[in-house]
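> I'd like to ask some things about the structure below.
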Amino acid sequence: MKTVLLIFFLLSSLIVLSQSTVPVYRVSPFQTKGGNISTFFSDFEYVPLETKPESLFGDIQKLIVTDSSFIIRDRDTKSILFFNHQGKFLKRIKSSGGAQPYFKYDEKNKVVKITYIKDSDIDKEPLTVHFYNFSTGGNVIDTTNEPIATEIQRVKINLSPDYSFTPISCTYKMETGPKDTTIYLINILKGDSLFKRLIPYNQKEKMAFCYFARKMWENPDNYTVIDGQTYAATPVENYVYKLTKDSAVKICEIVFPKNASISKEILKLRDVRSIDSALKVPTPAGTIYGISNIFFKGPKLFFKGVANGYLSNISASSPQVYNFIYDTISHKAVAIERLTSDAATFYLPAFDPRDGLMIKGLIYSRDNFYSYVSSLDMFNARNATKHRNPQYPPALQQYFKTQNRKSNPVIVRMKLKEGE
């Protein structure tokens, strides 16, 4: 009988252990491979953005893809620009008085909300923000004053038309120290009401994380939401959670080498002053702080490294890489930055070969992925690959015939390759 009981307890321990552990995937940016871009992506379509005096702009700081338009924020001209899916210019909304325009997209109501903030006020937290509301084609609808009174209301990242989530901070002050209290890192909202709290973190048990990393990313651009589901990761820890309106399930842990990321040893510190001192130690530019833009395609895990500051890849012989495709079966990693253009892309770049992919990652919308390429890089690539005799589609033939290196960027639409 004692033997039976012992076996039962051992089996119970193994079951508990298996439930509490997740796969650990080790990724070294320095050892990632490249390959042909058509191995992973297909159905490439290049959409030149119409260039005329009223539509000309500098660079894409933010790109939102709606069901009928591309919406672009350009910091250089302090503008929000609207183009349809064929690249035709629709409208420019330009700020006045030196303020930078910021916008967000209410997908449920198909409303683009634009506000203007001066650089000197960027870190302030006003109780009320004045928004100018537009249709997805850039037509004025109305204006609203939206209160920002509680943490729940600050950031709402859409999961579906009815549900969204907002990241919550478990931070505390050094003077008071952590409390024996549990804070949930994710609030699920149904409309504007709290629906569920997920991912409990106790301040005392997670004192280094709560003081150092604090919370998950607040920027909607850091999440790839597909069919009401997304993946969220805790900074520094790099624990990846599968997130729906009903649950957050930890599925894996990503580990980078110490010379490429914030050391997880910091998370073991149990003294607030030591944690604070570690926080003040400068880290090299380009150091990976966490991961974002996470999604799966079969056994392949796609994700982007988020850095505390990015090193420019312009003129770099060996570019910094931050966008990864990790095969969870072979345990090999590919860097999207190292993928090579081929006949599928007409030997043209499918991603910004400078810094756009590095900083922003891939953008997902309605079963397609989007990136962009400057006209400078498009024309340079065309001239460098003429000997391959690429067969350009009509849109690109017209683009190269009528545009030049100073024209607006080109949007690239693509799909993940089926079966990969």
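Note on naming: chains are A, B, ... as they come in the structure tokens, residues start from 1 per chain, ligands start from 1 in the order shown.
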Give me every helix (DSSP H, G or I) residue in stretch 209-407 of chain A, going by DSSP on the backbone, as a PyMOL selection string.

chain A and resi 209-212+220-222+264-268+272-280+343-345+356-360+375-384+386-388+394-402

> From the DSSP assignment of the backbone, select every residue of stretch 2-117 of chain A that is strand (DSSP E or B), and format the answer as an mmCIF file with N, CA and C atoms, in the first residue's frame.


data_model
loop_
_atom_site.group_PDB
_atom_site.id
_atom_site.type_symbol
_atom_site.label_atom_id
_atom_site.label_comp_id
_atom_site.auth_asym_id
_atom_site.auth_seq_id
_atom_site.Cartn_x
_atom_site.Cartn_y
_atom_site.Cartn_z
ATOM 1 N N VAL A 24 11.166 26.068 -23.807
ATOM 2 C CA VAL A 24 12.099 27.199 -23.840
ATOM 3 C C VAL A 24 12.770 27.202 -25.203
ATOM 4 N N TYR A 25 12.610 28.299 -25.938
ATOM 5 C CA TYR A 25 13.189 28.424 -27.269
ATOM 6 C C TYR A 25 14.342 29.417 -27.215
ATOM 7 N N ARG A 26 15.523 28.953 -27.561
ATOM 8 C CA ARG A 26 16.727 29.794 -27.502
ATOM 9 C C ARG A 26 17.034 30.334 -28.903
ATOM 10 N N LYS A 33 19.687 32.344 -39.757
ATOM 11 C CA LYS A 33 19.942 32.151 -41.180
ATOM 12 C C LYS A 33 19.061 33.080 -42.014
ATOM 13 N N GLY A 34 19.285 33.046 -43.330
ATOM 14 C CA GLY A 34 18.453 33.762 -44.279
ATOM 15 C C GLY A 34 17.732 32.772 -45.176
ATOM 16 N N GLY A 35 17.614 33.094 -46.457
ATOM 17 C CA GLY A 35 16.940 32.222 -47.403
ATOM 18 C C GLY A 35 16.126 33.041 -48.378
ATOM 19 N N ASN A 36 15.464 32.374 -49.318
ATOM 20 C CA ASN A 36 14.618 33.053 -50.281
ATOM 21 C C ASN A 36 13.320 33.502 -49.615
ATOM 22 N N PHE A 41 6.764 33.571 -47.840
ATOM 23 C CA PHE A 41 5.686 34.471 -48.232
ATOM 24 C C PHE A 41 5.336 34.265 -49.702
ATOM 25 N N SER A 42 4.113 34.680 -50.071
ATOM 26 C CA SER A 42 3.659 34.539 -51.449
ATOM 27 C C SER A 42 2.694 35.668 -51.792
ATOM 28 N N ASP A 43 2.190 35.653 -53.029
ATOM 29 C CA ASP A 43 1.159 36.608 -53.488
ATOM 30 C C ASP A 43 1.572 38.060 -53.243
ATOM 31 N N PHE A 44 2.770 38.391 -53.648
ATOM 32 C CA PHE A 44 3.272 39.757 -53.442
ATOM 33 C C PHE A 44 2.562 40.736 -54.380
ATOM 34 N N GLU A 45 2.146 41.855 -53.820
ATOM 35 C CA GLU A 45 1.538 42.925 -54.608
ATOM 36 C C GLU A 45 2.125 44.258 -54.167
ATOM 37 N N TYR A 46 2.623 45.015 -55.128
ATOM 38 C CA TYR A 46 3.224 46.318 -54.849
ATOM 39 C C TYR A 46 2.210 47.409 -55.188
ATOM 40 N N VAL A 47 1.962 48.290 -54.224
ATOM 41 C CA VAL A 47 0.978 49.358 -54.397
ATOM 42 C C VAL A 47 1.681 50.711 -54.254
ATOM 43 N N PRO A 48 2.076 51.354 -55.349
ATOM 44 C CA PRO A 48 2.690 52.694 -55.248
ATOM 45 C C PRO A 48 1.668 53.701 -54.735
ATOM 46 N N LYS A 62 3.780 55.595 -39.001
ATOM 47 C CA LYS A 62 2.744 54.661 -38.548
ATOM 48 C C LYS A 62 1.851 54.351 -39.746
ATOM 49 N N LEU A 63 1.503 53.084 -39.893
ATOM 50 C CA LEU A 63 0.622 52.648 -40.976
ATOM 51 C C LEU A 63 -0.506 51.817 -40.399
ATOM 52 N N ILE A 64 -1.748 52.218 -40.697
ATOM 53 C CA ILE A 64 -2.924 51.441 -40.336
ATOM 54 C C ILE A 64 -3.612 51.024 -41.628
ATOM 55 N N VAL A 65 -3.971 49.755 -41.716
ATOM 56 C CA VAL A 65 -4.689 49.244 -42.879
ATOM 57 C C VAL A 65 -6.135 49.012 -42.475
ATOM 58 N N SER A 69 -8.736 51.464 -46.903
ATOM 59 C CA SER A 69 -7.712 52.498 -47.075
ATOM 60 C C SER A 69 -6.438 52.191 -46.311
ATOM 61 N N PHE A 70 -5.372 52.914 -46.694
ATOM 62 C CA PHE A 70 -4.139 52.984 -45.925
ATOM 63 C C PHE A 70 -4.124 54.351 -45.240
ATOM 64 N N ILE A 71 -3.857 54.365 -43.950
ATOM 65 C CA ILE A 71 -3.769 55.625 -43.214
ATOM 66 C C ILE A 71 -2.350 55.739 -42.675
ATOM 67 N N ILE A 72 -1.713 56.869 -42.959
ATOM 68 C CA ILE A 72 -0.281 57.031 -42.692
ATOM 69 C C ILE A 72 -0.042 58.274 -41.862
ATOM 70 N N ARG A 73 0.802 58.130 -40.869
ATOM 71 C CA ARG A 73 1.281 59.293 -40.117
ATOM 72 C C ARG A 73 2.684 59.621 -40.575
ATOM 73 N N ASP A 74 2.895 60.881 -40.970
ATOM 74 C CA ASP A 74 4.214 61.343 -41.398
ATOM 75 C C ASP A 74 4.668 62.443 -40.455
ATOM 76 N N SER A 79 1.552 65.305 -40.704
ATOM 77 C CA SER A 79 0.319 65.029 -41.428
ATOM 78 C C SER A 79 -0.172 63.606 -41.185
ATOM 79 N N ILE A 80 -1.496 63.441 -41.350
ATOM 80 C CA ILE A 80 -2.121 62.137 -41.491
ATOM 81 C C ILE A 80 -2.649 62.072 -42.915
ATOM 82 N N LEU A 81 -2.259 61.040 -43.665
ATOM 83 C CA LEU A 81 -2.654 60.926 -45.073
ATOM 84 C C LEU A 81 -3.494 59.674 -45.291
ATOM 85 N N PHE A 82 -4.470 59.782 -46.195
ATOM 86 C CA PHE A 82 -5.362 58.689 -46.532
ATOM 87 C C PHE A 82 -5.169 58.320 -48.010
ATOM 88 N N PHE A 83 -4.972 57.024 -48.274
ATOM 89 C CA PHE A 83 -4.902 56.496 -49.629
ATOM 90 C C PHE A 83 -5.824 55.285 -49.705
ATOM 91 N N ASN A 84 -6.435 55.046 -50.871
ATOM 92 C CA ASN A 84 -7.229 53.823 -50.989
ATOM 93 C C ASN A 84 -6.310 52.635 -51.264
ATOM 94 N N PHE A 89 -4.499 58.793 -53.808
ATOM 95 C CA PHE A 89 -4.545 59.753 -52.707
ATOM 96 C C PHE A 89 -5.981 60.216 -52.457
ATOM 97 N N LEU A 90 -6.377 60.225 -51.177
ATOM 98 C CA LEU A 90 -7.722 60.636 -50.801
ATOM 99 C C LEU A 90 -7.758 61.949 -50.035
ATOM 100 N N LYS A 91 -6.925 62.078 -49.012
ATOM 101 C CA LYS A 91 -7.025 63.255 -48.148
ATOM 102 C C LYS A 91 -5.767 63.399 -47.294
ATOM 103 N N ARG A 92 -5.398 64.633 -47.007
ATOM 104 C CA ARG A 92 -4.319 64.920 -46.061
ATOM 105 C C ARG A 92 -4.907 65.769 -44.935
ATOM 106 N N ILE A 93 -4.647 65.361 -43.699
ATOM 107 C CA ILE A 93 -5.039 66.139 -42.526
ATOM 108 C C ILE A 93 -3.760 66.660 -41.905
ATOM 109 N N LYS A 94 -3.547 67.967 -41.975
ATOM 110 C CA LYS A 94 -2.285 68.552 -41.526
ATOM 111 C C LYS A 94 -2.515 69.389 -40.283
ATOM 112 N N GLN A 100 2.316 67.726 -33.270
ATOM 113 C CA GLN A 100 2.359 66.489 -34.051
ATOM 114 C C GLN A 100 0.989 65.813 -34.006
ATOM 115 N N PRO A 101 0.518 65.308 -35.142
ATOM 116 C CA PRO A 101 -0.748 64.577 -35.127
ATOM 117 C C PRO A 101 -0.536 63.126 -34.682
ATOM 118 N N TYR A 102 -1.472 62.615 -33.916
ATOM 119 C CA TYR A 102 -1.484 61.209 -33.522
ATOM 120 C C TYR A 102 -2.866 60.665 -33.851
ATOM 121 N N PHE A 103 -2.940 59.389 -34.194
ATOM 122 C CA PHE A 103 -4.255 58.858 -34.507
ATOM 123 C C PHE A 103 -4.387 57.416 -34.039
ATOM 124 N N LYS A 104 -5.623 57.019 -33.859
ATOM 125 C CA LYS A 104 -5.945 55.632 -33.561
ATOM 126 C C LYS A 104 -7.177 55.264 -34.371
ATOM 127 N N TYR A 105 -7.368 53.973 -34.577
ATOM 128 C CA TYR A 105 -8.454 53.513 -35.423
ATOM 129 C C TYR A 105 -9.442 52.701 -34.600
ATOM 130 N N ASP A 106 -10.680 53.164 -34.559
ATOM 131 C CA ASP A 106 -11.772 52.443 -33.917
ATOM 132 C C ASP A 106 -12.368 51.511 -34.973
ATOM 133 N N VAL A 111 -13.984 54.405 -37.411
ATOM 134 C CA VAL A 111 -13.716 55.825 -37.196
ATOM 135 C C VAL A 111 -12.232 56.023 -36.926
ATOM 136 N N VAL A 112 -11.634 56.990 -37.631
ATOM 137 C CA VAL A 112 -10.238 57.356 -37.407
ATOM 138 C C VAL A 112 -10.223 58.575 -36.485
ATOM 139 N N LYS A 113 -9.576 58.441 -35.331
ATOM 140 C CA LYS A 113 -9.565 59.497 -34.331
ATOM 141 C C LYS A 113 -8.193 60.170 -34.331
ATOM 142 N N ILE A 114 -8.171 61.474 -34.616
ATOM 143 C CA ILE A 114 -6.915 62.221 -34.723
ATOM 144 C C ILE A 114 -6.865 63.291 -33.641
ATOM 145 N N THR A 115 -5.727 63.386 -32.971
ATOM 146 C CA THR A 115 -5.508 64.446 -32.005
ATOM 147 C C THR A 115 -4.142 65.050 -32.248
ATOM 148 N N TYR A 116 -3.876 66.212 -31.658
ATOM 149 C CA TYR A 116 -2.616 66.929 -31.883
ATOM 150 C C TYR A 116 -1.954 67.199 -30.541
ATOM 151 N N ILE A 117 -0.677 66.836 -30.465
ATOM 152 C CA ILE A 117 0.063 66.977 -29.210
ATOM 153 C C ILE A 117 1.416 67.600 -29.511
#

> Report, in Å with one decimal, the straight-line distance from atom CA of A:Asp162 to atom CA of A:Phe131.

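Computing it gives 21.7 Å between the two atoms.
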
> Pick the closest to A:Lys417 from A:Met207, A:Ala344, A:Ala285, A:Met378: which is it, counting only C-alpha atoms?

A:Ala344

> Give me, as a VMD selection string, all polymer residues having an atom no more than 10 Å from stretch 383-394 of chain A, counting only C-alpha atoms and skipping those fewer than 4 positions away in the same chain.

chain A and resid 45 to 46 342 to 348 377 to 379 398 to 400

> Would you mind reading off the distance between atom CA of A:Ser38 and atom CA of A:Tyr223, one decimal, in Å?

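Between these atoms lies a distance of 24.2 Å.
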
> Grab the atom CA of A:Thr287 to atom CA of A:Gln320 distance for me, in Å with one decimal place.

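Atom-to-atom, atom CA of A:Thr287 to atom CA of A:Gln320, that is 10.2 Å.
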
> When you count only C-alpha atoms, which of these residues is closest to A:Gly361: A:Phe256, A:Phe303, A:Tyr310, A:Phe40?

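Nearest to A:Gly361: A:Phe303.
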
> Could you check the closest approach to A:Leu339 for each of A:Thr182, A:Ser374, A:Thr144, A:Thr39 and tell me which residue wins, using only C-alpha atoms?

A:Thr39

> Excluding A:Ala213 and residues on its chain fewer than 4 positions from it, collect all residues at most 10 Å away from it, counting only C-alpha atoms, and give them as a list of chain:residue names.

A:Ser169, A:Cys170, A:Thr171, A:Met207, A:Ala208, A:Phe209, A:Thr234, A:Pro235, A:Val236, A:Glu237, A:Leu267, A:Leu279, A:Tyr289, A:Gly290

> Give me the residues within 12 Å of A:His331 as a ChimeraX atom specification, counting only C-alpha atoms and dropping any in the same chain fewer than 3 places off.

/A:23-28,32,254,299-301,325-328,334

> For each of A:Arg405, A:Ile186, A:Asp367, A:Pro53, take the minimum atom-to-atom distance to A:Asn380, counting only C-alpha atoms, then give the residue where this is smallest.

A:Arg405

> Might you pull out every residue within 10 Å of A:Trp217, with only C-alpha atoms counted and same-chain residues fewer than 2 positions away left off, and present them as a short mmCIF file (atom, residue, chain, number, x, y, z; two decimals) with C-alpha atoms, in the first residue's frame?


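Full text of around-v2.cif as output:
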data_model
loop_
_atom_site.label_atom_id
_atom_site.label_comp_id
_atom_site.auth_asym_id
_atom_site.auth_seq_id
_atom_site.Cartn_x
_atom_site.Cartn_y
_atom_site.Cartn_z
CA THR A 166 -5.53 46.79 -21.84
CA PRO A 167 -2.13 46.10 -20.21
CA ILE A 168 -1.90 46.97 -16.50
CA ARG A 214 6.33 46.72 -15.04
CA LYS A 215 3.86 45.69 -17.74
CA ASN A 219 1.10 50.05 -28.30
CA PRO A 220 -1.51 48.22 -30.45
CA ASP A 221 1.17 47.97 -33.17
CA ASN A 222 2.99 45.46 -30.95
CA TYR A 223 0.19 42.90 -31.30
CA ALA A 232 1.42 38.76 -25.56
CA ALA A 233 4.80 38.54 -23.86
CA THR A 234 6.18 39.91 -20.61
CA PRO A 235 9.23 42.15 -21.21
CA GLY A 290 11.32 42.05 -25.02
CA ILE A 291 9.34 40.60 -27.93
CA SER A 292 6.19 41.63 -29.81
CA VAL A 306 11.83 45.14 -29.15
#
